[in-house]
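Let me begin by presenting the structure, written as structure tokens, before commenting on it.
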Amino acid sequence: MTSLPRAFYRRHPAQVAPELLNKLLLRDDGRVGRIVEVEAYAGSEDPAAHTFRGRTVRNASMFGDGGHLYVYFSYGMHWAANAVCGEIGQGFGVLLRALEPVDGLDLMRQARSKARRTQDLASGPGRLAQAMGIDRRFDGADLVTGAQGVCIVSDGVEPPLQPVVGPRVGITKAVDLPWRWHVPDNPHVSKRRPLRRTE
DNA sequence: TTGAGGATTCTC
DNA sequence: AGAATCCTCAAA
């Protein structure tokens with residue numbers, strides 16, 4: 001298990017995102033998940049990014065240094081976690097969209113009583129945060145040192161040579177950018193709701 | 001002060 | 001397909 005150096009994160013999110021596939025997200029209580037789905041969000045160059053229109057109270061941590069966590073509250077119900085990327089002030093990040101549960105499954109099931117199958121535990125950004133117990137307290141946490149109880153490490157498994165690439169989910173702006181990546185044929189990737197037919 | 005919209009999930 | 005649910009931020 002080796003933690004990823006700060007320099008790993010201090011790059012463009014479209015470069016970092018696919019390399020985060022197959023890395024491990026760790027909690028200090030033993031919960032471990034393998035990252036199998038991610039999306040890149042690129043600050044002022046990306047209309048779909050929370051940071052597109054500049055710094056606010058909510059997105060402040062996304063403007064911080066790479067290798068920290070940006071946690072936000074979504075749709076009045078869910079938390080979601082991003083790995084902040086780039087340099088201070090850029091507002092780059094990678095949304096962690098799905099995990100394959102690896103360890104601490106009992107705690108994950110406890111946190112996600114609605115999930116019947118293992119593949120429902122963390123297949124989606126809201127589910128992922130709930131399964132890992134990530135909420136507002138972890139906003140700004142250092143993913144390199146793990147000092148706040150959450151970190152990302154490598155166990156030597158390489159990212160997929162040919163990840164599945166496609167448009168991001170659940171956004172209405174910059175919908176055509178192919179900034180979503182996932183591990184091919186992995187059952188823990190989030191299921192896309194079929195796109196609403198445009199009449 | 002207001003209100004529209006949102007990087008979603010669950011159930012029907 | 002619709003509901004749940006509430007925070008954020010721009011605009012007035």
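For the structure tokens, the naming scheme is as follows: chains receive sequential letters (A, B, ...) according to their order of presentation, residues are indexed from 1 within each chain, and ligands are indexed from 1 in presentation order.
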
Distance-based interface of chain A with chain C, 7 Å, counting only C-alpha atoms (C1' of nucleotides), as JSON, numbers by chain: {"A": [75, 76, 77]}

Selection: 12 Å around DT9 in chain B, only C-alpha atoms (C1' of nucleotides), excl. self and same-chain fewer than 6 positions, as a ChimeraX atom specification: /A:74-79,112,114-115,120,122-128,130,190-193 /C:3-5

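In this model, the gap between CA of Glu39 in chain A and CA of Leu177 in chain A comes to 10.4 Å.
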
DSSP strand (DSSP E or B) selection over range 48-157 of chain A, as a PyMOL selection string: chain A and resi 68-74+78-85+92-103+123+142+150-154

Save out the residues we just selected, N, CA, C and O atoms, as a short mmCIF file (atom, residue, chain, number, x, y, z; two decimals), in the first residue's frame.
data_model
loop_
_atom_site.label_atom_id
_atom_site.label_comp_id
_atom_site.auth_asym_id
_atom_site.auth_seq_id
_atom_site.Cartn_x
_atom_site.Cartn_y
_atom_site.Cartn_z
N HIS A 68 -6.58 16.87 -1.90
CA HIS A 68 -7.51 17.00 -0.78
C HIS A 68 -8.89 16.58 -1.25
O HIS A 68 -9.11 16.34 -2.44
N LEU A 69 -9.83 16.51 -0.30
CA LEU A 69 -11.17 16.09 -0.63
C LEU A 69 -12.09 17.30 -0.72
O LEU A 69 -12.02 18.20 0.11
N TYR A 70 -12.93 17.32 -1.75
CA TYR A 70 -14.01 18.31 -1.83
C TYR A 70 -15.31 17.53 -1.68
O TYR A 70 -15.64 16.68 -2.49
N VAL A 71 -16.04 17.81 -0.59
CA VAL A 71 -17.30 17.12 -0.31
C VAL A 71 -18.44 18.13 -0.39
O VAL A 71 -18.36 19.20 0.20
N TYR A 72 -19.47 17.80 -1.16
CA TYR A 72 -20.61 18.71 -1.27
C TYR A 72 -21.92 17.96 -1.04
O TYR A 72 -21.98 16.74 -1.15
N PHE A 73 -22.94 18.74 -0.72
CA PHE A 73 -24.26 18.21 -0.42
C PHE A 73 -25.15 18.38 -1.65
O PHE A 73 -25.20 19.46 -2.23
N SER A 74 -25.81 17.33 -2.04
CA SER A 74 -26.46 17.30 -3.34
C SER A 74 -27.93 16.93 -3.23
O SER A 74 -28.29 15.98 -2.53
N HIS A 78 -27.92 13.92 -0.44
CA HIS A 78 -26.72 13.10 -0.60
C HIS A 78 -25.44 13.91 -0.48
O HIS A 78 -25.40 15.08 -0.82
N TRP A 79 -24.41 13.22 -0.04
CA TRP A 79 -23.07 13.80 -0.08
C TRP A 79 -22.32 13.18 -1.25
O TRP A 79 -22.63 12.04 -1.65
N ALA A 80 -21.36 13.93 -1.77
CA ALA A 80 -20.53 13.38 -2.84
C ALA A 80 -19.10 13.86 -2.64
O ALA A 80 -18.87 14.95 -2.11
N ALA A 81 -18.16 13.04 -3.06
CA ALA A 81 -16.73 13.29 -2.77
C ALA A 81 -15.92 13.41 -4.05
O ALA A 81 -16.09 12.63 -4.99
N ASN A 82 -15.05 14.41 -4.05
CA ASN A 82 -14.14 14.63 -5.17
C ASN A 82 -12.71 14.65 -4.68
O ASN A 82 -12.43 15.16 -3.59
N ALA A 83 -11.79 14.17 -5.50
CA ALA A 83 -10.37 14.40 -5.26
C ALA A 83 -10.00 15.71 -5.95
O ALA A 83 -10.13 15.84 -7.17
N VAL A 84 -9.58 16.70 -5.16
CA VAL A 84 -9.18 17.98 -5.74
C VAL A 84 -7.91 17.78 -6.56
O VAL A 84 -7.00 17.05 -6.15
N CYS A 85 -7.88 18.41 -7.73
CA CYS A 85 -6.72 18.27 -8.62
C CYS A 85 -6.13 19.64 -8.94
O CYS A 85 -6.69 20.67 -8.59
N PHE A 92 -10.01 22.49 -9.88
CA PHE A 92 -10.13 21.22 -10.59
C PHE A 92 -10.50 20.10 -9.62
O PHE A 92 -10.11 20.12 -8.46
N GLY A 93 -11.18 19.08 -10.14
CA GLY A 93 -11.48 17.95 -9.27
C GLY A 93 -11.92 16.72 -10.06
O GLY A 93 -12.27 16.82 -11.23
N VAL A 94 -11.88 15.59 -9.37
CA VAL A 94 -12.37 14.33 -9.95
C VAL A 94 -13.45 13.78 -9.03
O VAL A 94 -13.18 13.47 -7.85
N LEU A 95 -14.67 13.71 -9.55
CA LEU A 95 -15.79 13.15 -8.78
C LEU A 95 -15.63 11.63 -8.69
O LEU A 95 -15.47 10.96 -9.71
N LEU A 96 -15.67 11.11 -7.47
CA LEU A 96 -15.58 9.66 -7.26
C LEU A 96 -16.99 9.10 -7.36
O LEU A 96 -17.83 9.34 -6.50
N ARG A 97 -17.26 8.37 -8.41
CA ARG A 97 -18.65 7.96 -8.70
C ARG A 97 -19.00 6.55 -8.26
O ARG A 97 -20.19 6.25 -8.08
N ALA A 98 -18.03 5.68 -8.16
CA ALA A 98 -18.38 4.31 -7.77
C ALA A 98 -17.17 3.56 -7.23
O ALA A 98 -16.05 3.76 -7.67
N LEU A 99 -17.45 2.69 -6.26
CA LEU A 99 -16.43 1.84 -5.66
C LEU A 99 -16.84 0.38 -5.76
O LEU A 99 -18.03 0.06 -5.67
N GLU A 100 -15.84 -0.47 -5.89
CA GLU A 100 -16.06 -1.89 -5.66
C GLU A 100 -15.64 -2.15 -4.22
O GLU A 100 -14.48 -1.99 -3.86
N PRO A 101 -16.59 -2.54 -3.35
CA PRO A 101 -16.26 -2.77 -1.94
C PRO A 101 -15.18 -3.84 -1.80
O PRO A 101 -15.27 -4.90 -2.43
N VAL A 102 -14.19 -3.54 -0.97
CA VAL A 102 -13.06 -4.46 -0.79
C VAL A 102 -12.97 -4.96 0.64
O VAL A 102 -12.72 -6.12 0.90
N ASP A 103 -13.19 -4.05 1.60
CA ASP A 103 -13.09 -4.44 3.00
C ASP A 103 -14.03 -3.56 3.83
O ASP A 103 -14.44 -2.50 3.39
N SER A 123 -22.36 2.15 -5.85
CA SER A 123 -22.40 2.38 -7.29
C SER A 123 -23.16 3.66 -7.60
O SER A 123 -24.30 3.63 -8.05
N ASP A 142 -7.07 15.66 3.84
CA ASP A 142 -5.87 15.42 3.05
C ASP A 142 -5.80 13.96 2.62
O ASP A 142 -5.63 13.07 3.44
N VAL A 150 -9.30 9.71 5.92
CA VAL A 150 -9.63 9.20 4.59
C VAL A 150 -8.44 9.44 3.67
O VAL A 150 -7.81 10.50 3.73
N CYS A 151 -8.10 8.44 2.87
CA CYS A 151 -6.98 8.62 1.94
C CYS A 151 -7.15 7.71 0.74
O CYS A 151 -8.00 6.82 0.71
N ILE A 152 -6.32 7.95 -0.27
CA ILE A 152 -6.32 7.12 -1.47
C ILE A 152 -4.93 6.51 -1.62
O ILE A 152 -3.92 7.23 -1.53
N VAL A 153 -4.88 5.21 -1.81
CA VAL A 153 -3.59 4.51 -1.94
C VAL A 153 -3.64 3.57 -3.14
O VAL A 153 -4.70 3.29 -3.70
N SER A 154 -2.46 3.08 -3.49
CA SER A 154 -2.37 2.06 -4.53
C SER A 154 -1.93 0.75 -3.90
O SER A 154 -1.07 0.72 -3.02
#

Neighbours of chain A in chain B at 9 Å, counting only C-alpha atoms (C1' of nucleotides), as a PyMOL selection string: chain B and resi 6-10

Residue list (alpha helix (DSSP H), DSSP) for range 29-189 of chain A, as a VMD selection string: chain A and resid 105 to 111 125 to 132

Would you mind exporting C-alpha atoms of the selected residues as a compact mmCIF listing (two decimals), in the first residue's frame?
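Generated file (part_36.txt):
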# COMPACT_ATOMS: atom_id res chain seq x y z
CA LEU A 105 -18.37 -4.58 4.05
CA ASP A 106 -20.25 -4.97 7.31
CA LEU A 107 -19.90 -1.27 8.08
CA MET A 108 -20.89 -0.37 4.53
CA ARG A 109 -24.04 -2.48 4.72
CA GLN A 110 -24.86 -0.89 8.05
CA ALA A 111 -24.54 2.56 6.48
CA PRO A 125 -21.61 9.22 -5.95
CA GLY A 126 -24.27 9.49 -3.24
CA ARG A 127 -24.12 5.80 -2.46
CA LEU A 128 -20.33 5.89 -2.36
CA ALA A 129 -20.26 8.67 0.22
CA GLN A 130 -22.93 6.98 2.31
CA ALA A 131 -21.18 3.61 2.20
CA MET A 132 -17.86 5.15 3.25
